[in-house]
file structure.pdb (PDB, C-alpha atoms)
ATOM      1  CA  MET M 557      26.339 -96.800 -46.301
ATOM      2  CA  THR M 558      28.113 -94.760 -43.661
ATOM      3  CA  ASP M 559      27.612 -94.972 -39.943
ATOM      4  CA  LYS M 560      25.656 -91.716 -39.885
ATOM      5  CA  GLN M 561      23.278 -92.953 -42.598
ATOM      6  CA  LYS M 562      22.638 -96.221 -40.688
ATOM      7  CA  LYS M 563      21.704 -94.307 -37.560
ATOM      8  CA  LEU M 564      19.395 -92.026 -39.544
ATOM      9  CA  ALA M 565      17.683 -95.041 -41.185
ATOM     10  CA  ILE M 566      17.118 -96.717 -37.808
ATOM     11  CA  LEU M 567      15.698 -93.473 -36.354
ATOM     12  CA  THR M 568      13.336 -93.044 -39.313
ATOM     13  CA  GLY M 569      12.147 -96.661 -39.014
ATOM     14  CA  LEU M 570      11.434 -96.272 -35.313
ATOM     15  CA  LEU M 571       9.512 -93.034 -35.905
ATOM     16  CA  LEU M 572       7.376 -94.727 -38.576
ATOM     17  CA  LEU M 573       6.681 -97.651 -36.252
ATOM     18  CA  TRP M 574       5.684 -95.271 -33.454
ATOM     19  CA  LEU M 575       3.347 -93.360 -35.795
ATOM     20  CA  ALA M 576       1.754 -96.614 -37.020
ATOM     21  CA  LEU M 577       1.076 -97.725 -33.432
ATOM     22  CA  ILE M 578      -0.582 -94.404 -32.593
ATOM     23  CA  LEU M 579      -2.819 -94.535 -35.683
ATOM     24  CA  PHE M 580      -3.727 -98.141 -34.978
ATOM     25  CA  ARG M 581      -4.769 -97.300 -31.386
ATOM     26  CA  VAL M 582      -6.856 -94.293 -32.511
ATOM     27  CA  GLY M 583      -8.543 -96.361 -35.195
ATOM     28  CA  LEU M 584      -9.513 -99.085 -32.712
ATOM     29  CA  SER M 585     -10.981 -96.652 -30.204
ATOM     30  CA  GLN M 586     -13.216 -95.143 -32.880
ATOM     31  CA  GLY M 587     -14.164 -98.520 -34.251
ATOM     32  CA  GLY M 588     -15.667-101.572 -32.531
ATOM     33  CA  ARG M 589     -14.257-101.131 -29.024
ATOM     34  CA  PRO M 590     -15.716 -98.624 -26.628
ATOM     35  CA  ARG M 591     -13.679 -95.603 -25.721
ATOM     36  CA  LEU M 592     -12.000 -95.357 -22.391
ATOM     37  CA  GLY M 593     -14.391 -93.798 -19.891
ATOM     38  CA  SER M 594     -17.583 -94.657 -21.733
ATOM     39  CA  ALA M 595     -20.128 -96.764 -19.849
ATOM     40  CA  LEU M 596     -21.834 -99.918 -21.030
ATOM     41  CA  LEU M 597     -25.505-100.387 -20.518
ATOM     42  CA  PRO M 598     -26.495-103.562 -18.663
ATOM     43  CA  GLY M 599     -26.502-106.451 -21.099
ATOM     44  CA  GLU M 600     -24.471-104.608 -23.779
ATOM     45  CA  ARG M 601     -21.509-106.436 -25.187
ATOM     46  CA  LEU M 602     -18.111-105.111 -26.174
ATOM     47  CA  SER M 603     -18.969-105.614 -29.797
ATOM     48  CA  GLY M 604     -21.151-102.520 -29.756
ATOM     49  CA  LYS M 605     -24.302-104.408 -30.656
ATOM     50  CA  PRO M 606     -27.284-103.620 -28.409
ATOM     51  CA  ALA M 607     -28.446-106.303 -26.025
ATOM     52  CA  ALA M 608     -31.744-108.089 -26.294
ATOM     53  CA  LYS M 609     -33.314-105.650 -23.788
ATOM     54  CA  ARG M 610     -33.773-102.032 -24.512
ATOM     55  CA  VAL M 611     -32.708 -99.241 -22.193
ATOM     56  CA  ASP M 612     -36.364 -98.576 -21.272
ATOM     57  CA  GLU M 613     -36.760-102.109 -19.976
ATOM     58  CA  VAL M 614     -33.699-102.014 -17.688
ATOM     59  CA  ARG M 615     -34.779-102.025 -14.033
ATOM     60  CA  ILE M 616     -32.761 -99.863 -11.652
ATOM     61  CA  PRO M 617     -32.595-101.372  -8.163
ATOM     62  CA  PRO M 618     -34.301 -99.286  -5.475
ATOM     63  CA  LEU M 619     -32.173 -97.310  -3.022
ATOM     64  CA  LYS M 620     -32.115 -98.430   0.614
ATOM     65  CA  LEU M 621     -33.140 -95.143   2.173
ATOM     66  CA  HIS M 622     -33.911 -96.700   5.562
ATOM     67  CA  LEU M 623     -30.157 -96.948   6.191
ATOM     68  CA  PHE M 624     -29.983 -93.145   6.254
ATOM     69  CA  GLU M 625     -32.872 -92.845   8.708
ATOM     70  CA  ASP M 626     -31.337 -95.001  11.497
ATOM     71  CA  PRO M 627     -29.869 -92.762  14.201
ATOM     72  CA  LEU M 628     -26.249 -93.229  15.127
ATOM     73  CA  PRO M 629     -25.597 -94.908  18.471
ATOM     74  CA  ARG M 630     -25.193 -92.378  21.287
ATOM     75  CA  TYR M 631     -21.927 -91.868  23.033
ATOM     76  CA  ARG M 632     -21.740 -92.746  26.688
ATOM     77  CA  ASP M 633     -22.508 -89.997  29.148
ATOM     78  CA  ASN M 634     -19.188 -90.679  30.890
ATOM     79  CA  PRO M 635     -16.599 -91.080  28.161
ATOM     80  CA  ARG M 636     -13.603 -93.224  29.074
ATOM     81  CA  ASN M 637     -10.177 -91.607  28.933
ATOM     82  CA  ILE M 638      -8.120 -93.961  26.776
ATOM     83  CA  PHE M 639      -4.912 -92.184  27.808
ATOM     84  CA  ALA M 640      -5.441 -92.605  31.554
ATOM     85  CA  PRO M 641      -2.829 -94.697  33.417
ATOM     86  CA  LEU M 642      -3.802 -98.226  34.274
ATOM     87  CA  ALA M 643      -4.636 -98.857  37.916
ATOM     88  CA  PHE M 644      -3.330-102.137  39.265
ATOM     89  CA  PRO M 645      -4.422-103.534  42.599
ATOM     90  CA  GLY M 646      -1.989-102.774  45.404
ATOM     91  CA  PRO M 647      -0.208-105.334  47.551
ATOM     92  CA  PRO M 648      -2.372-107.346  49.913
ATOM     93  CA  MET M 649      -3.016-105.880  53.329
ATOM     94  CA  PRO M 650      -0.763-107.280  56.062
ATOM     95  CA  LYS M 651      -2.326-109.662  58.513
ATOM     96  CA  GLU M 652      -3.052-108.295  61.933
ATOM     97  CA  ALA M 653      -0.295-108.983  64.399
ATOM     98  CA  LYS M 654      -1.331-110.816  67.527
ATOM     99  CA  GLY M 655      -0.219-109.009  70.638
ATOM    100  CA  PRO M 656       2.406-106.283  70.892
ATOM    101  CA  ALA M 657       5.278-106.574  68.491
ATOM    102  CA  VAL M 658       8.602-107.383  70.116
ATOM    103  CA  PRO M 659      11.347-105.160  68.739
ATOM    104  CA  PRO M 660      14.396-107.012  67.451
ATOM    105  CA  PRO M 661      17.379-107.029  69.756
ATOM    106  CA  PRO M 662      19.892-104.258  69.088
ATOM    107  CA  PRO M 663      22.923-105.250  67.034
ATOM    108  CA  PRO M 664      25.983-106.178  69.050
ATOM    109  CA  PRO M 665      28.560-103.409  69.465
ATOM    110  CA  PRO M 666      31.332-103.484  66.871
ATOM    111  CA  ASP M 667      34.483-105.358  67.842
ATOM    112  CA  PRO M 668      37.338-102.838  68.224
ATOM    113  CA  PHE M 669      39.820-105.496  67.135
ATOM    114  CA  LEU M 670      38.058-105.749  63.736
ATOM    115  CA  ASP M 671      37.440-101.991  63.326
ATOM    116  CA  GLU M 672      41.017-100.776  63.842
ATOM    117  CA  PRO M 673      42.543-102.821  60.944
ATOM    118  CA  LYS M 674      40.157-101.048  58.535
ATOM    119  CA  LYS M 675      42.358 -97.982  59.041
ATOM    120  CA  LEU M 676      45.537 -99.925  58.271
ATOM    121  CA  ARG M 677      46.867-100.533  54.757
ATOM    122  CA  PHE M 678      49.364-103.223  53.825
ATOM    123  CA  LEU M 679      51.835-101.566  51.451
ATOM    124  CA  GLY M 680      54.313-104.407  50.929
ATOM    125  CA  PHE M 681      57.103-106.465  52.457
ATOM    126  CA  ALA M 682      60.868-106.914  52.282
ATOM    127  CA  ARG M 683      63.264-109.740  53.176
ATOM    128  CA  ALA M 684      66.599-108.892  54.729
ATOM    129  CA  GLU M 685      69.072-111.173  56.561
ATOM    130  CA  GLY M 686      66.522-113.983  56.903
ATOM    131  CA  GLU M 687      63.818-111.790  58.414
ATOM    132  CA  VAL M 688      60.571-110.540  56.798
ATOM    133  CA  PHE M 689      59.557-106.904  57.286
ATOM    134  CA  ALA M 690      56.008-105.635  56.646
ATOM    135  CA  PHE M 691      55.224-102.053  55.600
ATOM    136  CA  LEU M 692      51.886-100.760  56.926
ATOM    137  CA  ALA M 693      50.308 -97.316  56.728
ATOM    138  CA  THR M 694      47.719 -95.690  58.944
ATOM    139  CA  GLY M 695      46.849 -92.137  57.952
ATOM    140  CA  ASN M 696      50.182 -90.326  57.390
ATOM    141  CA  GLU M 697      52.176 -92.734  59.597
ATOM    142  CA  ILE M 698      54.191 -95.624  58.082
ATOM    143  CA  ILE M 699      54.923 -98.624  60.291
ATOM    144  CA  VAL M 700      57.781-101.033  59.562
ATOM    145  CA  ALA M 701      57.546-104.219  61.646
ATOM    146  CA  LYS M 702      59.056-107.704  61.640
ATOM    147  CA  GLU M 703      57.075-110.908  61.404
ATOM    148  CA  HIS M 704      55.915-112.080  64.931
ATOM    149  CA  GLU M 705      56.180-108.518  66.300
ATOM    150  CA  VAL M 706      53.357-106.663  68.138
ATOM    151  CA  ILE M 707      52.245-103.335  66.646
ATOM    152  CA  LYS M 708      49.869-100.738  68.106
ATOM    153  CA  GLU M 709      49.952-102.723  71.369
ATOM    154  CA  SER M 710      47.137-105.037  70.223
ATOM    155  CA  TYR M 711      48.118-106.640  66.902
ATOM    156  CA  LEU M 712      50.600-109.432  66.368
ATOM    157  CA  ILE M 713      51.976-109.821  62.835
ATOM    158  CA  LYS M 714      51.426-113.561  62.584
ATOM    159  CA  GLU M 715      52.281-114.144  58.915
ATOM    160  CA  VAL M 716      53.534-112.053  55.986
ATOM    161  CA  LYS M 717      52.909-113.254  52.399
ATOM    162  CA  GLU M 718      53.397-111.593  49.024
ATOM    163  CA  ASP M 719      49.792-110.395  48.657
ATOM    164  CA  TYR M 720      48.452-110.327  52.251
ATOM    165  CA  ILE M 721      49.368-110.046  55.928
ATOM    166  CA  LEU M 722      47.724-111.936  58.804
ATOM    167  CA  LEU M 723      47.232-109.985  62.048
ATOM    168  CA  SER M 724      46.029-111.588  65.295
ATOM    169  CA  THR M 725      45.568-110.720  68.929
ATOM    170  CA  PRO M 726      48.641-111.387  71.077
ATOM    171  CA  THR M 727      46.810-114.368  72.576
ATOM    172  CA  GLY M 728      45.798-115.671  69.097
ATOM    173  CA  ASP M 729      41.965-115.675  69.659
ATOM    174  CA  LYS M 730      41.045-113.525  66.636
ATOM    175  CA  GLU M 731      42.673-113.024  63.250
ATOM    176  CA  VAL M 732      42.345-110.392  60.522
ATOM    177  CA  LYS M 733      43.665-110.659  56.987
ATOM    178  CA  LEU M 734      44.801-107.452  55.199
ATOM    179  CA  SER M 735      45.254-107.650  51.446
ATOM    180  CA  LEU M 736      47.957-105.747  49.586
ATOM    181  CA  SER M 737      46.802-102.173  49.009
ATOM    182  CA  PRO M 738      46.768-101.096  45.321
ATOM    183  CA  LYS M 739      48.090 -97.588  46.108
TER     184      LYS M 739
END
call {"tool": "encode", "arguments": {"input": "structure.pdb", "output": "structure tokens"}}
result
Amino acid sequence: MTDKQKKLAILTGLLLLWLALILFRVGLSQGGRPRLGSALLPGERLSGKPAAKRVDEVRIPPLKLHLFEDPLPRYRDNPRNIFAPLAFPGPPMPKEAKGPAVPPPPPPPPDPFLDEPKKLRFLGFARAEGEVFAFLATGNEIIVAKEHEVIKESYLIKEVKEDYILLSTPTGDKEVKLSLSPK
């Protein structure tokens, strides 16, 4: 038997099996079992034999017509807006102040010694012949000064380090630290 004949034999066998299943199903639906979609009477069995009661004796339950007569509940006269924003109570009312309120004292005037260094920038330092020089900038002006030298007539360069410079008043009362400027 060749390969083509084997395939044809298998196909024929499957077709015969399919046809037998269809005939078997049609034969059952016409025989003892009820057809799909047909209704059974109350008390009737699947065997097709009638029940002990006849169809005339079957009692149909009464309809509850009073359920249709009840009116629907009325809607409220003022319907609630379910999309309205929620209203939360506000903060509590402040307590009454006793007597006239005393205004806070005005802030002290800014210290000119602390305001002027905000305009200065520490650019870097250099060491030459045992002395340390600091490079500062204010606006377009560049200042080169030695350690322990007075600049701008009010600042003493007290100490110069790699990443900061310490400025003080000539008397040494106040000090300001300037960090190395990134630019």
call {"tool": "closest_residue", "arguments": {"input": "structure.pdb", "among": "M:Lys714, M:His704, M:Arg677, M:Arg630", "to": "M:Leu692", "atoms": "all atoms listed in the file"}}
result
M:Arg677
call {"tool": "atom_distance", "arguments": {"input": "structure.pdb", "atom1": "atom CA of M:Asp671", "atom2": "atom CA of M:Pro726"}}
result
16.5 Å
call {"tool": "closest_residue", "arguments": {"input": "structure.pdb", "among": "M:Ile566, M:Val582, M:Ile713, M:Ile638", "to": "M:Phe678", "atoms": "all atoms listed in the file"}}
result
M:Ile713
call {"tool": "resolve_selection", "arguments": {"input": "structure.pdb", "expression": "the PyMOL selection byres ((chain M and resi 706) around 12)", "output": "VMD selection string"}}
result
chain M and resid 690 699 to 705 707 to 715 723 to 728
call {"tool": "atom_distance", "arguments": {"input": "structure.pdb", "atom1": "atom CA of M:Leu679", "atom2": "atom CA of M:Lys733"}}
result
13.4 Å
call {"tool": "build_atoms", "arguments": {"input": "structure.pdb", "residues": "stretch 625-637 of chain M", "atoms": "N, CA and C atoms", "output": "compact mmCIF listing (two decimals), in the frame of the given file"}}
result
# COMPACT_ATOMS: atom_id res chain seq x y z
N GLU M 625 -31.97 -93.28 7.66
CA GLU M 625 -32.87 -92.84 8.71
C GLU M 625 -32.49 -93.37 10.08
N ASP M 626 -31.72 -94.44 10.19
CA ASP M 626 -31.34 -95.00 11.50
C ASP M 626 -30.43 -94.01 12.21
N PRO M 627 -30.75 -93.68 13.48
CA PRO M 627 -29.87 -92.76 14.20
C PRO M 627 -28.58 -93.47 14.58
N LEU M 628 -27.54 -92.68 14.71
CA LEU M 628 -26.25 -93.23 15.13
C LEU M 628 -26.31 -93.58 16.61
N PRO M 629 -25.58 -94.58 17.05
CA PRO M 629 -25.60 -94.91 18.47
C PRO M 629 -25.02 -93.74 19.28
N ARG M 630 -25.63 -93.49 20.44
CA ARG M 630 -25.19 -92.38 21.29
C ARG M 630 -23.89 -92.74 21.98
N TYR M 631 -23.12 -91.68 22.23
CA TYR M 631 -21.93 -91.87 23.03
C TYR M 631 -22.33 -92.02 24.49
N ARG M 632 -21.47 -92.62 25.26
CA ARG M 632 -21.74 -92.75 26.69
C ARG M 632 -21.75 -91.37 27.33
N ASP M 633 -22.49 -91.27 28.43
CA ASP M 633 -22.51 -90.00 29.15
C ASP M 633 -21.16 -89.74 29.81
N ASN M 634 -20.51 -90.80 30.27
CA ASN M 634 -19.19 -90.68 30.89
C ASN M 634 -18.16 -91.28 29.93
N PRO M 635 -17.58 -90.48 29.08
CA PRO M 635 -16.60 -91.08 28.16
C PRO M 635 -15.37 -91.56 28.92
N ARG M 636 -14.78 -92.64 28.44
CA ARG M 636 -13.60 -93.22 29.07
C ARG M 636 -12.35 -92.57 28.50
N ASN M 637 -11.44 -92.20 29.36
CA ASN M 637 -10.18 -91.61 28.93
C ASN M 637 -9.24 -92.74 28.52
